[in-house]
Amino acid sequence: MNLSNFGMDSITLAGPLEAKLRASRAAGFSQIMLWARDLAGHPGGLDEAVRVVKASGVRVTGIQVMRDYEGLDGALHEYKLDIARQMLLVCRAVGAPLLMVCSSTSSHASGDMRLIARHLAKLATLAVPLGVRVGYEALSWGRHVNQYEQSWEAVELADHANLGVVIDSFHMLANQAGLDGLEDIPSHKIAMVQLSDFMWRDIRSAEERLETARHLRVFPGEGAHSGELTDLLRRLDRGGYRGDYSFEVFNDDYLQLAPEIVGQRAHRAAKWVTDQVLRRSLEVRRTTAAHPTMA
């Protein structure tokens, strides 16, 4: 497995966009998952942010995150659909092949799985001419969809070639999810795998779930669930998944460290996944003239 299969998530790194891109490249990664606000909040504006990303030589894995999109009706649905259209345009501008959509937490959203599927299919159709795929992720605190099996049910019902499911290890670990359901998901319908862990065995309340998710995740190999992560990764590998892995590690401690230090931790996590879990050597990408180091 090549290091190019792995990337960091910009949420893990302190500093402006330029610093995050430099730290990612310095750690040997050729891709990064960006949040739309990384681009929208750039002091030079969106166009300058896009130029910076393209000049860096770092591939954008995808753009996060469309929230509370599916299951709404009337003016609420039209409002969210308009926001989604704008985020798809951001994906196209920066060359991101994936728009992440996380399951709704809104009390106004319907739990009708067929309606959820129709809304996801509508977004996937809008994304086709832009060259963007849509990935649907089950938040462990989602109102109606909070298990990965449910996100797959919605994607399967939508039956759209441009729509896939996102597998997120944190939400699976937080829910103590069983892994047998992974066998039901064809590898080509997995749009992305996001990896992280946390430091305690059990999450004991809804408040602790949110606190851990947003502030206290760690890299694979650093947490308390290495056995479960090993099982998850080996099942995905045996099932034929050969797509991208993104280290989505929300951690307030890491935001107090130099991005380069956090990048080194991410590199160790990639090595742990390949050497310890998948029993393969980690091939490090070499800088070439086609991908110069960003100034």
# chains A, B, ... in the order shown; residues from 1 in each chain; ligands from 1
>>> residues_around(residues="A:His144", least_positions_apart="4", cutoff="8 Å", atoms="only C-alpha atoms", output="count of residues only")
5
>>> closest_atom_pairs(of="stretch 160-279 of chain A", to="stretch 115-135 of chain A", cutoff="10 Å", atoms="only C-alpha atoms", output="JSON lines")
{"residue": "A:His160", "atom": "CA", "partner": "A:Ala121", "partner_atom": "CA", "distance": 6.0}
{"residue": "A:Ala161", "atom": "CA", "partner": "A:Ala124", "partner_atom": "CA", "distance": 8.3}
{"residue": "A:Asn162", "atom": "CA", "partner": "A:Arg133", "partner_atom": "CA", "distance": 5.2}
{"residue": "A:Leu163", "atom": "CA", "partner": "A:Val134", "partner_atom": "CA", "distance": 5.0}
{"residue": "A:Gly164", "atom": "CA", "partner": "A:Gly135", "partner_atom": "CA", "distance": 4.9}
{"residue": "A:Val165", "atom": "CA", "partner": "A:Gly135", "partner_atom": "CA", "distance": 5.2}
{"residue": "A:Val166", "atom": "CA", "partner": "A:Gly135", "partner_atom": "CA", "distance": 5.6}
{"residue": "A:Ile167", "atom": "CA", "partner": "A:Gly135", "partner_atom": "CA", "distance": 9.4}
{"residue": "A:Lys189", "atom": "CA", "partner": "A:Gly135", "partner_atom": "CA", "distance": 9.1}
{"residue": "A:Ile190", "atom": "CA", "partner": "A:Gly135", "partner_atom": "CA", "distance": 8.0}
{"residue": "A:Ala191", "atom": "CA", "partner": "A:Gly135", "partner_atom": "CA", "distance": 5.5}
{"residue": "A:Met192", "atom": "CA", "partner": "A:Gly135", "partner_atom": "CA", "distance": 7.2}
>>> atom_distance(atom1="atom CA of A:His77", atom2="atom CA of A:Ala154")
17.5 Å
>>> select_by_dssp(residues="stretch 30-228 of chain A", states="strand (DSSP E or B)", output="CSV table (one decimal) with C-alpha atoms, in the first residue's frame")
chain,number,residue,atom,x,y,z
A,31,GLN,CA,-3.7,14.4,-0.4
A,32,ILE,CA,-5.7,16.3,2.2
A,33,MET,CA,-9.4,16.5,3.1
A,34,LEU,CA,-10.4,20.1,3.2
A,35,TRP,CA,-13.3,21.8,4.9
A,59,ARG,CA,-4.5,16.5,-4.1
A,60,VAL,CA,-7.8,17.4,-2.4
A,61,THR,CA,-9.5,14.1,-1.2
A,62,GLY,CA,-12.8,15.8,-0.7
A,63,ILE,CA,-14.7,18.7,0.8
A,64,GLN,CA,-16.5,18.6,4.2
A,65,VAL,CA,-19.3,19.0,5.1
A,66,MET,CA,-22.9,19.3,4.0
A,98,LEU,CA,-16.1,14.1,-3.3
A,99,LEU,CA,-18.6,16.1,-1.3
A,100,MET,CA,-19.2,14.7,2.2
A,101,VAL,CA,-22.8,14.7,3.5
A,102,CYS,CA,-23.3,13.7,7.1
A,133,ARG,CA,-19.2,12.2,-6.2
A,134,VAL,CA,-21.4,12.4,-3.1
A,135,GLY,CA,-20.5,10.4,0.0
A,136,TYR,CA,-23.1,9.8,2.8
A,137,GLU,CA,-21.9,9.3,6.4
A,163,LEU,CA,-23.5,8.1,-4.6
A,164,GLY,CA,-21.5,6.1,-2.1
A,165,VAL,CA,-21.3,5.5,1.7
A,166,VAL,CA,-18.6,6.9,3.9
A,167,ILE,CA,-17.2,4.6,6.6
A,168,ASP,CA,-16.1,6.4,9.7
A,190,ILE,CA,-17.6,3.0,-0.4
A,191,ALA,CA,-16.7,6.6,-1.2
A,192,MET,CA,-14.2,7.2,1.6
A,193,VAL,CA,-12.9,5.7,4.8
A,194,GLN,CA,-12.2,8.1,7.7
A,195,LEU,CA,-10.0,6.8,10.5
A,197,ASP,CA,-9.7,6.4,17.6
A,216,LEU,CA,-10.5,14.3,21.9
A,218,VAL,CA,-6.5,10.4,18.3
>>> closest_residue(among="A:Leu236, A:Ala138, A:Ile83, A:Ala206", to="A:Asp184", atoms="only C-alpha atoms")
A:Leu236
>>> residues_around(residues="stretch 47-53 of chain A", least_positions_apart="4", cutoff="8 Å", atoms="only C-alpha atoms", output="ChimeraX atom specification")
/A:17-18,21,39-40,42,57-58,93-94
>>> write_last_selection(atoms="N, CA and C atoms", output="JSON list (two decimals), in the first residue's frame")
[["chain", "number", "residue", "atom", "x", "y", "z"],
["A", 17, "LEU", "N", -4.41, 27.88, 5.80],
["A", 17, "LEU", "CA", -4.42, 26.86, 4.74],
["A", 17, "LEU", "C", -3.02, 26.53, 4.26],
["A", 18, "GLU", "N", -2.19, 27.55, 4.03],
["A", 18, "GLU", "CA", -0.84, 27.31, 3.52],
["A", 18, "GLU", "C", -0.03, 26.43, 4.47],
["A", 21, "LEU", "N", -1.19, 22.75, 4.26],
["A", 21, "LEU", "CA", -0.71, 22.09, 3.05],
["A", 21, "LEU", "C", 0.78, 21.77, 3.16],
["A", 39, "LEU", "N", -11.42, 27.22, 2.62],
["A", 39, "LEU", "CA", -11.35, 27.98, 1.38],
["A", 39, "LEU", "C", -12.12, 29.29, 1.49],
["A", 40, "ALA", "N", -13.34, 29.19, 2.03],
["A", 40, "ALA", "CA", -14.19, 30.38, 2.13],
["A", 40, "ALA", "C", -13.58, 31.43, 3.06],
["A", 42, "HIS", "N", -10.37, 32.02, 3.57],
["A", 42, "HIS", "CA", -9.01, 32.46, 3.23],
["A", 42, "HIS", "C", -9.00, 33.98, 3.06],
["A", 57, "GLY", "N", 0.55, 21.21, -5.02],
["A", 57, "GLY", "CA", 0.75, 19.84, -5.49],
["A", 57, "GLY", "C", 0.05, 18.81, -4.64],
["A", 58, "VAL", "N", -0.72, 19.23, -3.65],
["A", 58, "VAL", "CA", -1.46, 18.31, -2.79],
["A", 58, "VAL", "C", -2.85, 18.09, -3.38],
["A", 93, "ALA", "N", -14.20, 23.77, -8.19],
["A", 93, "ALA", "CA", -13.16, 24.80, -8.29],
["A", 93, "ALA", "C", -11.81, 24.30, -7.80],
["A", 94, "VAL", "N", -11.82, 23.52, -6.71],
["A", 94, "VAL", "CA", -10.57, 23.09, -6.10],
["A", 94, "VAL", "C", -10.15, 21.70, -6.56]]
>>> closest_residue(among="A:Gly240, A:Val273, A:Glu260, A:Asp253", to="A:Ser226", atoms="only C-alpha atoms")
A:Val273
>>> closest_residue(among="A:Asn175, A:His215, A:Arg37, A:Gly44", to="A:Met87", atoms="only C-alpha atoms")
A:Arg37
